[in-house]
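Participant: Pasting a structure here, questions to come.
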Amino acid sequence: MSSRAEVTGRIVELLQLVIASSVMTNERIAHSLGLNVVDLQALGFIARSGSPMTAGEVSQQTGLPTSTTTRVLDRLEKSGFIERSTDPNDRRRVVVRVRHEAPCLRGRVRDPPRWVVAATW
């Protein structure tokens with residue numbers, strides 16, 4: 001019978017393996033889409049939100065400084081993954097949402113927002 005310390009050690013070992021595999025998979029997915037990992041993760045937060053987000057909300061969710069968030073959103077918009085628009089409830093606010101017909105994903109996946117969520121979960 002294994003001791004508690006042996007079981008704990010094995011669990012830690014397996015968790016490290018899962019984390020390392022996740023990091024490398026994230027890197028491969030981001031690279032295949034022409035993104036860096038930070039941009040892919042931000043895209044995942046936007047897709048998982050289920051509704052448009054402000055840049056401030058993206059910054060808060062990701063933990064990125066607002067200046068970095070602005071550059072991330074600029075790159076995602078330029079690449080066609082997101083779109084910015086005026087908030088219909090408050091025209092002073094700008095919100096971002098995942099583009100359902102992102103040109104960079106056309107023909108590669110059926111439901112880009114769902115795929116992004118799955119890839120970054």
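By convention here, the chains of the structure tokens are called A, B, ... in the order presented, each chain's residues are numbered starting at 1, and ligands are numbered starting at 1 in the order presented.
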Taking the backbone alone, and naming residues the way the document does, which bits of chain A are strand (DSSP E or B) by DSSP, as JSON, numbers by chain?

Facilitator: {"A": [53, 54, 82, 83, 84, 85, 86, 87, 90, 91, 92, 93, 94, 95, 96, 97, 98]}

Participant: Using DSSP assignments from the backbone, pull out every residue in chain A that falls under helix (DSSP H, G or I) and give it to me as a short mmCIF file (atom, residue, chain, number, x, y, z; two decimals) with C-alpha atoms, in the first residue's frame.

Facilitator:
```cif
data_model
loop_
_atom_site.label_atom_id
_atom_site.label_comp_id
_atom_site.auth_asym_id
_atom_site.auth_seq_id
_atom_site.Cartn_x
_atom_site.Cartn_y
_atom_site.Cartn_z
CA ARG A 4 0.12 9.33 1.82
CA ALA A 5 3.39 11.08 0.90
CA GLU A 6 3.87 8.78 -2.12
CA VAL A 7 0.32 9.42 -3.36
CA THR A 8 0.72 13.17 -2.85
CA GLY A 9 4.04 13.11 -4.69
CA ARG A 10 2.48 11.24 -7.61
CA ILE A 11 -0.44 13.67 -7.79
CA VAL A 12 1.97 16.64 -7.86
CA GLU A 13 3.99 14.91 -10.59
CA LEU A 14 0.90 14.33 -12.71
CA LEU A 15 -0.35 17.90 -12.21
CA GLN A 16 3.01 19.23 -13.38
CA LEU A 17 2.72 17.05 -16.48
CA VAL A 18 -0.81 18.31 -17.21
CA ILE A 19 0.26 21.94 -16.77
CA ALA A 20 3.31 21.52 -19.01
CA SER A 21 1.21 19.80 -21.67
CA SER A 22 -1.41 22.56 -21.49
CA VAL A 23 1.20 25.28 -21.88
CA MET A 24 2.72 23.59 -24.93
CA THR A 25 -0.71 22.92 -26.48
CA ASN A 26 -1.65 26.57 -25.96
CA GLU A 27 1.57 27.60 -27.69
CA ARG A 28 0.85 25.33 -30.68
CA ILE A 29 -2.74 26.55 -31.01
CA ALA A 30 -1.70 30.21 -30.78
CA HIS A 31 1.07 29.69 -33.34
CA SER A 32 -1.30 27.90 -35.75
CA VAL A 37 -0.24 33.00 -26.22
CA VAL A 38 -1.31 36.16 -24.37
CA ASP A 39 -3.50 37.23 -27.29
CA LEU A 40 -5.04 33.75 -27.52
CA GLN A 41 -5.84 33.74 -23.81
CA ALA A 42 -7.40 37.21 -23.99
CA LEU A 43 -9.47 36.01 -26.95
CA GLY A 44 -10.60 33.08 -24.80
CA PHE A 45 -11.76 35.42 -22.02
CA ILE A 46 -13.73 37.48 -24.53
CA ALA A 47 -15.31 34.37 -26.09
CA ARG A 48 -16.19 32.83 -22.72
CA SER A 49 -17.83 36.03 -21.45
CA ALA A 55 -11.30 46.93 -22.65
CA GLY A 56 -11.36 47.55 -18.90
CA GLU A 57 -13.28 44.32 -18.32
CA VAL A 58 -10.81 42.40 -20.49
CA SER A 59 -7.97 43.95 -18.51
CA GLN A 60 -9.59 43.01 -15.21
CA GLN A 61 -10.31 39.42 -16.31
CA THR A 62 -6.84 38.81 -17.75
CA THR A 66 -4.71 48.48 -19.49
CA SER A 67 -1.92 49.62 -21.82
CA THR A 68 -1.08 45.99 -22.64
CA THR A 69 -4.76 45.14 -23.05
CA THR A 70 -5.14 47.93 -25.59
CA ARG A 71 -2.26 46.52 -27.67
CA VAL A 72 -3.67 42.98 -27.39
CA LEU A 73 -7.10 44.15 -28.58
CA ASP A 74 -5.49 46.13 -31.42
CA ARG A 75 -3.68 42.98 -32.63
CA LEU A 76 -6.80 40.80 -32.30
CA GLU A 77 -8.87 43.34 -34.22
CA LYS A 78 -6.23 43.74 -36.93
CA PRO A 112 -15.04 30.00 -34.05
CA PRO A 113 -16.22 31.39 -30.67
CA ARG A 114 -16.99 27.90 -29.35
CA TRP A 115 -13.67 26.62 -30.70
CA VAL A 116 -11.74 29.47 -29.07
CA VAL A 117 -13.41 28.75 -25.74
CA ALA A 118 -12.53 25.06 -25.96
CA ALA A 119 -8.95 25.80 -27.00
CA THR A 120 -8.31 28.22 -24.14
#
```

Participant: Restricting the calculation to only C-alpha atoms, which member of A:Leu33, A:Ser79, A:Ser2, A:Met53 is positioned closest to Val96 of chain A?

Facilitator: A:Met53

Participant: Between atom CA of Ser85 of chain A and atom CA of Thr54 of chain A, what distance in Å does the model show, to one decimal?

Facilitator: 9.8 Å

Participant: Quote the spacing between atom CA of Phe81 of chain A and atom CA of Arg99 of chain A in Å to one decimal place.

Facilitator: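 Going from atom CA of Phe81 of chain A over to atom CA of Arg99 of chain A, I get 5.6 Å.
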
Participant: Can you work out which one of A:Leu35, A:Pro52, A:Ser3, A:His100 has the shortest atom-to-atom distance to Pro88 of chain A, counting only C-alpha atoms?

Facilitator: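 With only C-alpha atoms as the atom set, the closest residue is A:Pro52.
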